[in-house]
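With mmCIF, C-alpha atoms inside, this is upload-v1.cif:
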```cif
data_run
loop_
_atom_site.label_atom_id
_atom_site.label_comp_id
_atom_site.auth_asym_id
_atom_site.auth_seq_id
_atom_site.Cartn_x
_atom_site.Cartn_y
_atom_site.Cartn_z
CA MET Y 22 104.08 51.97 163.70
CA ALA Y 23 105.95 49.01 165.14
CA SER Y 24 107.21 48.87 168.71
CA SER Y 25 110.67 50.27 169.34
CA PRO Y 26 113.66 47.98 169.96
CA GLU Y 27 113.74 49.23 173.56
CA GLN Y 28 110.11 48.25 174.04
CA LEU Y 29 110.72 44.86 172.45
CA GLU Y 30 113.60 44.16 174.81
CA LEU Y 31 111.48 45.15 177.82
CA ILE Y 32 108.65 42.94 176.55
CA ARG Y 33 111.06 40.03 176.20
CA ARG Y 34 112.24 40.50 179.78
CA ALA Y 35 108.71 40.97 181.10
CA ARG Y 36 107.61 37.76 179.41
CA ASN Y 37 110.22 36.00 181.44
CA GLY Y 38 108.67 37.34 184.61
CA ASP Y 39 110.69 40.55 185.02
CA LYS Y 40 107.98 42.77 186.51
CA ALA Y 41 110.29 45.75 186.86
CA ALA Y 42 110.83 45.60 183.10
CA PHE Y 43 107.07 45.60 182.60
CA GLU Y 44 106.62 48.61 184.86
CA THR Y 45 109.38 50.44 182.98
CA LEU Y 46 107.66 49.51 179.74
CA VAL Y 47 104.25 50.92 180.67
CA ALA Y 48 105.31 53.90 182.81
CA PRO Y 49 105.58 56.31 179.84
CA LEU Y 50 102.14 55.23 178.63
CA LEU Y 51 100.19 55.75 181.86
CA ASP Y 52 99.08 59.34 181.24
CA ARG Y 53 97.81 58.64 177.74
CA LEU Y 54 96.09 55.42 178.74
CA PHE Y 55 94.51 57.12 181.71
CA GLY Y 56 93.38 60.01 179.49
CA LEU Y 57 91.74 57.57 177.10
CA ALA Y 58 89.95 55.78 179.93
CA VAL Y 59 88.77 59.04 181.53
CA GLN Y 60 87.38 60.33 178.27
CA LEU Y 61 85.58 57.09 177.54
CA MET Y 62 84.28 56.52 181.06
CA ARG Y 63 83.67 60.09 182.22
CA ASN Y 64 84.82 59.09 185.64
CA HIS Y 65 88.22 59.72 187.14
CA ASP Y 66 88.24 57.03 189.83
CA ASP Y 67 86.82 54.29 187.64
CA ALA Y 68 89.31 55.19 184.90
CA SER Y 69 92.22 54.68 187.27
CA ASP Y 70 90.89 51.27 188.30
CA VAL Y 71 90.27 50.27 184.72
CA VAL Y 72 93.77 51.22 183.57
CA GLN Y 73 95.26 49.23 186.43
CA GLU Y 74 93.07 46.23 185.60
CA ALA Y 75 93.88 46.51 181.91
CA LEU Y 76 97.62 46.62 182.56
CA VAL Y 77 97.43 43.47 184.64
CA LYS Y 78 95.67 41.85 181.66
CA VAL Y 79 98.43 43.16 179.42
CA TYR Y 80 101.05 41.59 181.66
CA ARG Y 81 99.25 38.25 181.66
CA SER Y 82 98.81 38.39 177.88
CA LEU Y 83 102.30 39.42 176.87
CA GLY Y 84 102.79 36.01 175.30
CA SER Y 85 100.22 36.81 172.65
CA PHE Y 86 101.65 40.19 171.70
CA ARG Y 87 102.85 40.20 168.13
CA GLY Y 88 106.17 41.89 167.71
CA ASP Y 89 105.24 43.59 164.47
CA ALA Y 90 102.44 45.50 166.16
CA ASP Y 91 102.57 48.83 167.95
CA PHE Y 92 102.66 48.04 171.67
CA PHE Y 93 100.86 51.25 172.63
CA VAL Y 94 98.04 50.56 170.19
CA TRP Y 95 97.77 46.97 171.46
CA VAL Y 96 97.60 48.17 175.07
CA SER Y 97 95.10 50.88 174.11
CA ARG Y 98 92.85 48.21 172.67
CA ILE Y 99 92.97 46.26 175.94
CA VAL Y 100 92.21 49.43 177.92
CA ARG Y 101 89.30 50.21 175.62
CA ASN Y 102 87.92 46.67 175.96
CA THR Y 103 88.26 46.83 179.73
CA VAL Y 104 86.39 50.14 179.70
CA LEU Y 105 83.59 48.56 177.68
CA ASP Y 106 83.41 45.63 180.10
CA GLU Y 107 83.18 48.01 183.02
CA LEU Y 108 80.50 50.13 181.34
CA LYS Y 109 78.47 46.98 180.66
CA ARG Y 110 78.85 45.91 184.29
CA ALA Y 111 77.70 49.34 185.40
CA VAL Y 112 74.62 49.04 183.20
CA ARG Y 113 73.85 45.64 184.72
CA ARG Y 114 74.17 47.20 188.16
CA HIS Y 115 71.91 50.02 186.97
CA GLU Y 116 74.53 52.53 187.92
CA GLU Y 117 74.34 56.03 186.62
CA PRO Y 118 77.70 57.35 185.57
CA THR Y 119 78.84 59.90 188.07
CA GLU Y 120 80.94 62.80 187.05
CA THR Y 121 84.06 62.71 189.13
CA LEU Y 122 86.38 64.30 186.65
CA PRO Y 123 89.90 65.19 187.65
CA GLU Y 124 90.64 68.40 189.42
CA SER Y 125 91.79 70.09 186.29
CA LEU Y 126 88.28 69.66 184.97
CA ASP Y 127 86.57 70.75 188.17
CA ARG Y 128 84.56 73.82 187.41
CA SER Y 129 84.67 74.97 191.01
CA LEU Y 130 88.33 75.86 190.77
CA GLU Y 131 89.00 79.51 190.98
CA GLY Y 132 90.45 81.30 188.01
CA LYS Y 133 89.72 80.27 184.46
CA ALA Y 134 86.29 79.49 185.80
CA GLU Y 135 84.53 80.43 182.61
CA GLN Y 136 86.78 78.33 180.44
CA GLU Y 137 86.31 75.41 182.76
CA GLU Y 138 82.56 75.92 182.74
CA LEU Y 139 82.72 75.71 178.98
CA GLN Y 140 84.85 72.58 179.18
CA HIS Y 141 82.32 71.10 181.53
CA ILE Y 142 79.49 71.74 179.10
CA VAL Y 143 81.50 70.15 176.30
CA GLN Y 144 82.28 67.18 178.54
CA ASP Y 145 78.59 66.83 179.37
CA CYS Y 146 77.70 66.74 175.70
CA ILE Y 147 80.45 64.22 174.91
CA GLY Y 148 79.11 62.08 177.72
CA GLN Y 149 75.69 62.07 176.10
CA LEU Y 150 77.05 60.48 172.93
CA SER Y 151 76.72 56.74 172.53
CA VAL Y 152 79.92 54.81 173.22
CA LYS Y 153 80.04 53.86 169.56
CA LEU Y 154 80.26 57.54 168.57
CA ARG Y 155 82.25 58.65 171.58
CA GLU Y 156 85.12 56.28 170.90
CA PRO Y 157 86.40 57.68 167.60
CA LEU Y 158 85.72 61.25 168.72
CA VAL Y 159 87.70 60.86 171.93
CA MET Y 160 90.51 58.98 170.25
CA TYR Y 161 90.94 61.24 167.24
CA ASP Y 162 89.87 64.71 168.33
CA ILE Y 163 91.00 64.64 171.96
CA GLU Y 164 93.62 61.95 172.43
CA GLY Y 165 95.27 62.37 169.04
CA TYR Y 166 95.27 58.77 167.81
CA ALA Y 167 95.75 58.31 164.07
CA TYR Y 168 92.93 56.90 161.96
CA GLU Y 169 94.95 53.73 161.40
CA ASP Y 170 95.48 53.22 165.13
CA ILE Y 171 91.78 53.73 165.86
CA SER Y 172 91.01 51.27 163.12
CA GLN Y 173 93.17 48.66 164.86
CA ILE Y 174 91.89 49.42 168.34
CA LEU Y 175 88.23 49.27 167.37
CA LYS Y 176 88.71 46.55 164.74
CA LEU Y 177 86.90 48.67 162.18
CA ASN Y 178 87.94 49.58 158.68
CA LEU Y 179 89.17 53.10 158.01
CA GLY Y 180 86.00 54.13 156.21
CA THR Y 181 83.85 53.15 159.17
CA VAL Y 182 86.14 55.00 161.56
CA LYS Y 183 85.86 58.19 159.50
CA SER Y 184 82.14 57.78 159.09
CA ARG Y 185 81.59 57.33 162.84
CA LEU Y 186 83.87 60.24 163.60
CA ASN Y 187 81.87 62.43 161.27
CA ARG Y 188 78.59 61.36 162.86
CA ALA Y 189 80.01 61.94 166.33
CA ARG Y 190 81.17 65.44 165.46
CA GLU Y 191 77.81 66.28 163.95
CA ALA Y 192 75.96 64.90 166.97
CA LEU Y 193 78.20 66.90 169.29
CA ARG Y 194 77.70 70.04 167.23
CA GLN Y 195 73.96 69.67 167.48
CA LYS Y 196 74.10 69.07 171.24
CA LEU Y 197 76.30 72.08 171.81
CA ILE Y 198 74.25 74.31 169.58
CA GLY Y 199 71.25 73.10 171.55
CA GLN Y 200 72.91 74.63 174.60
CA ARG Y 201 73.38 78.03 173.03
CA HIS Y 202 71.83 79.72 176.03
CA LYS Y 203 74.60 78.36 178.23
CA LEU Y 204 77.23 79.18 175.69
CA ALA Y 205 76.31 82.82 175.18
CA GLY Y 206 79.47 84.83 174.90
CA TRP Y 207 81.68 81.82 174.20
CA ILE Y 208 80.77 81.04 170.63
CA GLU Y 209 82.51 83.43 168.37
CA ILE Y 210 81.61 82.62 164.84
CA PRO Y 211 84.47 83.60 162.54
CA ASP Y 212 83.90 85.16 159.15
CA ASP Y 213 84.22 82.19 156.85
CA GLY Y 214 86.77 80.13 155.02
CA VAL Y 215 89.02 77.37 156.18
CA GLY Y 216 91.56 77.76 158.91
CA ARG Y 217 90.59 81.16 160.26
CA SER Y 218 89.26 80.15 163.62
CA GLY Y 219 92.37 78.55 165.00
CA GLY Y 220 90.66 75.19 165.26
CA GLY Y 221 93.24 72.59 166.14
CA LYS Y 222 92.67 70.31 163.19
CA VAL Y 223 92.90 73.01 160.57
CA SER Y 224 96.21 73.05 158.86
CA ASN Y 225 97.76 74.85 155.96
CA GLU Y 226 98.68 71.71 154.13
CA VAL Y 227 97.52 71.31 150.60
CA PRO Y 228 95.05 68.47 150.35
CA THR Y 229 96.21 65.44 148.47
CA SER Y 230 94.37 64.30 145.44
CA MET V 13 77.92 70.63 145.05
CA LYS V 14 74.67 70.61 147.01
CA CYS V 15 74.18 71.01 150.75
CA GLN V 16 73.36 67.35 151.29
CA GLN V 17 76.62 66.42 149.59
CA ALA V 18 78.69 68.96 151.48
CA GLU V 19 77.28 68.46 154.97
CA PRO V 20 78.55 64.92 155.58
CA ILE V 21 82.10 65.83 154.64
CA LEU V 22 82.55 69.16 156.36
CA GLY V 23 84.59 67.48 159.08
CA ARG V 24 86.91 65.89 156.57
CA PHE V 25 87.11 69.27 154.83
CA LEU V 26 88.41 70.80 158.05
CA ASP V 27 90.82 67.88 158.45
CA ARG V 28 91.97 68.39 154.85
CA ASP V 29 91.19 64.75 154.38
CA LEU V 30 89.52 65.07 150.99
CA PRO V 31 90.80 64.63 147.46
CA ALA V 32 91.73 67.98 145.94
CA GLY V 33 88.69 68.07 143.66
CA ARG V 34 86.17 67.48 146.42
CA PHE V 35 88.00 69.84 148.72
CA ALA V 36 87.71 72.61 146.13
CA ALA V 37 84.03 71.79 145.59
CA VAL V 38 83.25 72.10 149.31
CA GLU V 39 85.28 75.28 149.51
CA GLU V 40 83.29 76.76 146.66
CA HIS V 41 80.00 75.59 148.12
CA VAL V 42 80.54 77.11 151.57
CA ARG V 43 81.56 80.36 149.92
CA ASP V 44 78.13 80.59 148.34
CA CYS V 45 75.95 78.82 150.92
CA ARG V 46 75.37 80.71 154.12
CA GLY V 47 73.81 77.72 155.90
CA CYS V 48 76.75 75.42 155.25
CA ALA V 49 79.20 78.21 156.02
CA GLU V 50 77.59 78.63 159.44
CA ARG V 51 77.57 74.92 159.99
CA LEU V 52 81.23 74.77 159.06
CA ASP V 53 82.07 77.54 161.50
CA GLU V 54 80.17 75.78 164.26
CA LEU V 55 81.95 72.55 163.52
CA ARG V 56 85.28 74.33 163.51
CA TRP V 57 84.44 75.78 166.90
CA VAL V 58 83.46 72.35 168.21
CA LEU V 59 86.77 70.87 167.05
CA ALA V 60 88.65 73.72 168.70
CA GLN V 61 86.87 72.93 171.97
CA LEU V 62 87.78 69.26 171.67
CA GLU V 63 91.37 70.17 170.99
CA ALA V 64 91.34 72.38 174.08
CA GLN V 65 90.09 69.63 176.36
CA PRO V 66 92.53 69.07 179.20
CA HIS V 67 94.62 65.92 179.27
CA PRO V 68 94.48 64.67 182.84
CA LYS V 69 97.60 63.03 184.19
CA ALA V 70 97.42 59.58 185.65
CA PRO V 71 96.98 59.66 189.45
CA SER V 72 100.31 59.59 191.21
CA ASP V 73 99.42 56.37 192.97
CA LEU V 74 98.53 54.44 189.82
CA ALA V 75 102.07 53.17 189.25
CA ALA V 76 102.35 52.14 192.91
CA ARG V 77 99.00 50.35 192.83
CA LEU V 78 100.00 48.56 189.66
CA HIS V 79 103.26 47.53 191.31
CA LEU V 80 101.34 45.97 194.20
CA ARG V 81 98.93 44.18 191.87
CA LEU V 82 101.80 42.79 189.83
CA ALA V 83 103.51 41.53 192.96
CA ALA V 84 100.67 39.07 193.37
CA GLU V 85 100.87 37.94 189.75
CA ALA V 86 102.63 34.85 188.57
CA ALA V 87 104.93 35.13 185.58
CA PRO V 88 103.02 35.68 182.31
CA ALA V 89 101.48 32.65 180.67
CA ARG V 90 103.93 30.07 179.44
CA ARG V 91 106.48 31.37 177.03
CA THR V 92 105.03 31.31 173.61
CA ALA V 93 106.44 30.02 170.43
CA PHE V 94 107.24 33.50 169.33
CA ASP V 95 109.17 34.29 172.45
CA ILE V 96 111.30 31.20 172.00
CA VAL V 97 111.95 32.06 168.40
CA ARG V 98 112.76 35.63 169.19
CA SER V 99 115.20 34.73 171.91
CA VAL V 100 117.12 32.80 169.31
CA LEU V 101 116.59 34.94 166.30
CA ASN V 102 117.28 38.52 167.30
CA TRP V 103 114.08 39.62 165.71
CA PRO V 104 114.51 43.38 166.29
CA SER V 105 117.28 43.17 163.73
CA LEU V 106 114.74 42.51 161.05
CA GLY V 107 115.55 45.79 159.41
CA LEU V 108 119.26 45.16 159.16
CA GLY V 109 120.86 46.27 155.95
CA ALA V 110 119.27 46.58 152.61
CA ALA V 111 118.95 42.87 152.15
CA VAL V 112 115.79 42.50 154.16
CA ALA V 113 113.35 40.39 152.30
CA ALA V 114 109.84 39.47 153.14
CA ALA V 115 107.94 36.43 152.17
CA LEU V 116 104.49 35.49 153.25
CA MET V 117 103.49 31.97 153.89
CA PHE V 118 99.83 31.32 154.35
CA VAL V 119 99.17 28.00 155.90
CA VAL V 120 95.59 26.96 155.75
CA LEU V 121 95.00 24.06 158.05
CA ARG V 122 91.68 23.27 156.55
CA GLY V 123 91.76 22.57 152.88
CA VAL V 124 94.64 21.67 150.69
CA GLN V 125 97.15 24.28 149.72
CA PRO V 126 100.03 23.48 147.40
CA ASN V 127 103.48 24.03 148.79
CA VAL V 128 105.01 26.81 146.82
CA GLY V 129 108.65 27.77 146.99
CA ILE V 130 109.07 31.54 147.39
CA GLN V 131 112.39 32.94 146.35
CA VAL V 132 113.68 36.10 147.98
CA ALA V 133 116.30 38.44 146.56
CA ALA V 134 119.88 37.16 146.66
CA VAL V 135 121.95 38.15 149.70
CA PRO V 136 125.73 38.37 150.01
CA VAL V 137 127.62 35.84 152.09
CA ASP V 138 127.91 36.83 155.75
CA GLN V 139 124.99 39.20 155.63
CA ASN V 140 121.87 38.80 157.73
CA VAL V 141 118.51 38.71 156.06
CA GLY V 142 115.14 39.06 157.69
CA VAL V 143 112.20 37.04 156.44
CA GLN V 144 108.67 37.42 157.71
CA ILE V 145 106.77 34.19 157.83
CA ALA V 146 103.05 34.73 158.11
CA PHE V 147 100.79 31.97 159.30
CA GLY V 148 97.23 32.63 158.26
CA VAL V 149 94.21 30.71 159.48
CA ASP V 150 90.51 31.37 159.34
CA ARG V 151 89.90 30.40 162.96
CA ASP V 152 91.84 30.02 166.18
CA VAL V 153 93.88 26.81 166.19
CA LYS V 154 95.38 25.56 169.45
CA ASP V 155 98.15 23.03 170.08
CA VAL V 156 100.00 23.58 166.87
CA THR V 157 103.63 22.58 166.36
CA PHE V 158 105.87 24.90 164.40
CA ASP V 159 109.16 23.92 162.82
CA ILE V 160 111.61 26.14 161.03
CA LYS V 161 114.53 24.34 159.40
CA LEU V 162 117.45 25.88 157.57
CA SER V 163 119.49 24.12 154.93
CA ASP V 164 123.30 23.89 155.10
CA GLY V 165 124.25 27.36 153.93
CA LEU V 166 122.06 29.24 156.40
CA ARG V 167 122.28 29.81 160.13
CA PHE V 168 120.09 31.51 162.67
CA VAL V 169 121.71 34.48 164.36
CA ASP V 170 121.94 35.41 168.03
CA ALA V 171 120.88 38.64 169.75
CA LYS V 172 124.02 40.35 168.48
CA GLY V 173 123.34 39.32 164.94
CA GLN V 174 126.08 36.69 164.94
CA PRO V 175 125.48 33.23 163.43
CA VAL V 176 124.92 30.32 165.80
CA ASN V 177 125.10 26.59 165.19
CA THR V 178 121.36 26.26 165.10
CA GLN V 179 119.54 25.20 162.00
CA GLU V 180 116.24 24.02 163.41
CA VAL V 181 113.80 25.60 165.83
CA SER V 182 110.64 23.86 166.96
CA TRP V 183 107.97 24.94 169.37
CA LYS V 184 104.37 24.42 170.33
CA GLY V 185 101.87 27.23 170.25
CA GLU V 186 98.64 28.37 168.78
CA LEU V 187 97.51 30.28 165.76
CA MET V 188 95.08 33.09 166.26
CA ARG V 189 92.45 33.78 163.64
CA GLY V 190 93.91 35.98 160.93
CA LYS V 191 97.58 36.39 160.27
CA THR V 192 100.38 35.75 162.72
CA VAL V 193 103.79 36.90 161.58
CA VAL V 194 107.04 35.37 162.80
CA PRO V 195 110.08 37.40 161.80
CA VAL V 196 113.09 35.20 161.20
CA THR V 197 116.63 36.48 160.78
CA VAL V 198 119.20 34.20 159.20
CA ARG V 199 122.68 34.56 157.77
CA GLY V 200 124.01 33.10 154.56
CA ILE V 201 127.32 31.48 155.46
CA ARG V 202 128.29 30.06 152.08
CA PRO V 203 127.26 30.61 148.48
CA GLY V 204 124.45 28.56 147.09
CA LYS V 205 120.72 28.34 146.82
CA TRP V 206 119.49 27.48 150.28
CA ASP V 207 116.08 27.32 151.81
CA ILE V 208 114.08 27.98 154.93
CA LEU V 209 111.45 25.32 155.47
CA ALA V 210 108.56 26.38 157.66
CA ILE V 211 106.21 23.62 158.79
CA VAL V 212 103.09 23.83 160.89
CA ARG V 213 101.48 20.66 162.24
CA LYS V 214 98.16 19.99 163.86
CA ASN V 215 97.40 16.37 164.75
CA GLN V 216 97.89 14.42 161.54
CA MET V 217 97.82 17.45 159.29
CA ALA V 218 100.87 19.34 158.21
CA ARG V 219 101.60 22.12 155.79
CA ALA V 220 105.00 23.25 154.72
CA THR V 221 106.34 26.12 152.70
CA GLN V 222 109.80 26.56 151.36
CA ILE V 223 111.46 29.97 151.19
CA ILE V 224 114.46 29.95 148.90
CA VAL V 225 117.36 32.21 149.86
CA PRO V 226 120.09 32.57 147.23
CA VAL V 227 123.44 33.43 148.81
CA GLU V 228 126.14 34.97 146.63
CA GLY V 229 129.84 35.77 147.01
CA ASP V 230 132.89 34.21 148.67
CA THR V 231 132.98 32.54 152.05
CA SER V 232 134.99 34.74 154.35
CA SER V 233 134.24 33.91 157.92
CA GLY V 234 133.71 30.86 160.04
CA LEU V 235 131.06 29.79 162.45
CA PRO V 236 131.26 29.33 166.17
CA GLY V 237 132.57 25.87 166.93
CA GLY V 238 134.80 25.75 163.90
CA GLU V 239 132.15 25.06 161.35
CA GLY V 240 131.81 26.85 158.07
#
```
Spit out the file's structure as structure tokens when you get a sec.
Amino acid sequence: MASSPEQLELIRRARNGDKAAFETLVAPLLDRLFGLAVQLMRNHDDASDVVQEALVKVYRSLGSFRGDADFFVWVSRIVRNTVLDELKRAVRRHEEPTETLPESLDRSLEGKAEQEELQHIVQDCIGQLSVKLREPLVMYDIEGYAYEDISQILKLNLGTVKSRLNRAREALRQKLIGQRHKLAGWIEIPDDGVGRSGGGKVSNEVPTS
Amino acid sequence: MKCQQAEPILGRFLDRDLPAGRFAAVEEHVRDCRGCAERLDELRWVLAQLEAQPHPKAPSDLAARLHLRLAAEAAPARRTAFDIVRSVLNWPSLGLGAAVAAALMFVVLRGVQPNVGIQVAAVPVDQNVGVQIAFGVDRDVKDVTFDIKLSDGLRFVDAKGQPVNTQEVSWKGELMRGKTVVPVTVRGIRPGKWDILAIVRKNQMARATQIIVPVEGDTSSGLPGGEG
């Protein structure tokens, strides 16, 4: 999807040095960009720094933005690349990723404790996936990017995106099943058939041939 | 269908991202295969958990921190070719009317490419038409000069879609590997067969492509400055 006329006008102004226009341009994107960075980095504080750094890069690079592209997808790619850079730096520094997830993910919160414990286990397992597998899983299954957008962000063809997504889901399934003892009482296996469990991606649409 | 065929596509089955025939085959298989049915249920549960993951909001100070960082930034890198073109050409109006035409020009700086005239569909007089000019190269090329020239019956348009007395735009820039598209909006101001000439130059090399724009009908309005 191409950028909207409003975005294009803000980009034009920002290119001329109008920083307020740039801030107006990116303000509606902050939550989604931050969500992407958190899911990829598994660290709340680092994600905030990375998004800020990425947006400064975006501002500096506005001249190379192609008007026929989707601005959000373009920015997402820069955020993703900045995340990768940061993860590589962390490896060079021999840093272990520390879980400092946002409060809403903090399992110590009272109420909904069990659900949050479950979320924490899922987060742990996602964090164990390689970045290569984590990326499409996070983008498609959590952040809701379309296949085509992921393809552009990761510079992979659609088939590779789907293949990696499938491998990521399978790897996550195996990790979670491997934690059955922690999940006792949470896994409720439905009878059978498609679309009976309420899984978010199951729809009632007729598949296309 | 066998288990080893079904297993790799269970996710796409849940996404309904399979051709109808394969979808039906998986559906039939999981009805008869307890192992794959269990696996499917587990996968469905996993996807439900992913869908239920919270979406954290950006910290409230992120916008403020960005503001402070930007305050220390100079204006973005020099205005690019595309920015200059866009400021003249009202490029968001590319979709105006039904007379939007697209032509692709691939300019290969290395190797000889014949100049081929591409004719777009005829447009009525006084109607804007958008043309996408795509510059394609197999590697990054810096310090390139672009020229877009219009013949007599065509004019560039301003941000309001009105014709201006500009028939040539030139700028320096660079081509990134792959395809770079420059949307150009022009208006036919008098009947005839006119052309848009797009030229890209690098040192002593130059490639040009002609896009022919037939304009039909009667002249009805003038141009700023009394022309037309």
- Return the neighbours of chain Y among the residues of chain V, cut-off 7 Å, counting all atoms listed in the file, as a PyMOL selection string. chain V and resi 23+26-32+49+53-60+62-63+65+67-70+74+78+82+87-89+91-92+104
- Interatomic distance between atom CA of Ala171 of chain V and atom CA of Glu85 of chain V?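 A separation of 28.3 Å between them.
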- Query: What does the PyMOL selection byres ((chain Y and resi 105) around 12) select in this file, as a list in words?
  - Reply: Ala58, Leu61, Met62, Asp67, Ala68, Val71, Ala75, Arg98, Ile99, Val100, Arg101, Asn102, Thr103, Val104, Asp106, Glu107, Leu108, Lys109, Arg110, Ala111, Val112, Ser151, Val152, Lys153, Arg155, Glu156 and Leu175 of chain Y
- Message: Just the number, please: distance in Å from atom CA of Ala64 of chain V to atom CA of Leu52 of chain V, one decimal.
- Response: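 Answer for the atom CA of Ala64 of chain V to atom CA of Leu52 of chain V separation: 18.3 Å.
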What's around Asp155 of chain V at 12 Å? Count only C-alpha atoms, leave out sequence neighbours fewer than 6 positions away in its own chain, and write the answer as a PDB file with C-alpha atoms, keeping the file's coordinate frame.
```
ATOM      1  CA  THR V  92     105.030  31.310 173.610  1.00  0.00           C
ATOM      2  CA  ALA V  93     106.440  30.020 170.430  1.00  0.00           C
ATOM      3  CA  TRP V 183     107.970  24.940 169.370  1.00  0.00           C
ATOM      4  CA  LYS V 184     104.370  24.420 170.330  1.00  0.00           C
ATOM      5  CA  GLY V 185     101.870  27.230 170.250  1.00  0.00           C
ATOM      6  CA  GLU V 186      98.640  28.370 168.780  1.00  0.00           C
ATOM      7  CA  LEU V 187      97.510  30.280 165.760  1.00  0.00           C
ATOM      8  CA  MET V 188      95.080  33.090 166.260  1.00  0.00           C
ATOM      9  CA  VAL V 212     103.090  23.830 160.890  1.00  0.00           C
ATOM     10  CA  ARG V 213     101.480  20.660 162.240  1.00  0.00           C
ATOM     11  CA  LYS V 214      98.160  19.990 163.860  1.00  0.00           C
ATOM     12  CA  ASN V 215      97.400  16.370 164.750  1.00  0.00           C
TER      13      ASN V 215
END
```
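Between atom CA of Arg202 of chain V and atom CA of Val132 of chain V the interatomic distance comes to 16.3 Å.
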- Message: Assuming the chain letters and numbering stay as they are in my file, what does the PyMOL selection byres ((chain Y and resi 91) around 6) actually select? List them as a VMD selection string.
- Response: chain Y and resid 22 to 24 90 92 to 94
- Query: With all atoms listed in the file as the atoms that count, which of V:Ala36, V:Val198, V:Cys48, V:Met217 lies nearest to Gln16 of chain V?
  - Reply: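 Smallest distance to Gln16 of chain V is found for V:Cys48.
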- Query: Pick from V:Val42, V:Leu22, V:Ala86, V:Ala220: nearest to Thr157 of chain V, with all atoms listed in the file counted?
  - Reply: V:Ala220
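Each of V:Arg43, V:Arg51, V:Arg189, V:His79 was compared to Glu19 of chain V using only C-alpha atoms, and V:Arg51 turns out to be the nearest.
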Name the residues, using the chain letters and numbers of the file, that sit within 9 Å of (96.9, 52.6, 164.9) when counting all atoms listed in the file, and give them as a JSON list (two decimals) with C-alpha atoms, in the frame of the given file.
```json
[["chain", "number", "residue", "atom", "x", "y", "z"],
["Y", 22, "MET", "CA", 104.08, 51.97, 163.70],
["Y", 91, "ASP", "CA", 102.57, 48.83, 167.95],
["Y", 93, "PHE", "CA", 100.86, 51.25, 172.63],
["Y", 94, "VAL", "CA", 98.04, 50.56, 170.19],
["Y", 95, "TRP", "CA", 97.77, 46.97, 171.46],
["Y", 166, "TYR", "CA", 95.27, 58.77, 167.81],
["Y", 167, "ALA", "CA", 95.75, 58.31, 164.07],
["Y", 168, "TYR", "CA", 92.93, 56.90, 161.96],
["Y", 169, "GLU", "CA", 94.95, 53.73, 161.40],
["Y", 170, "ASP", "CA", 95.48, 53.22, 165.13],
["Y", 171, "ILE", "CA", 91.78, 53.73, 165.86],
["Y", 172, "SER", "CA", 91.01, 51.27, 163.12],
["Y", 173, "GLN", "CA", 93.17, 48.66, 164.86],
["Y", 174, "ILE", "CA", 91.89, 49.42, 168.34]]
```
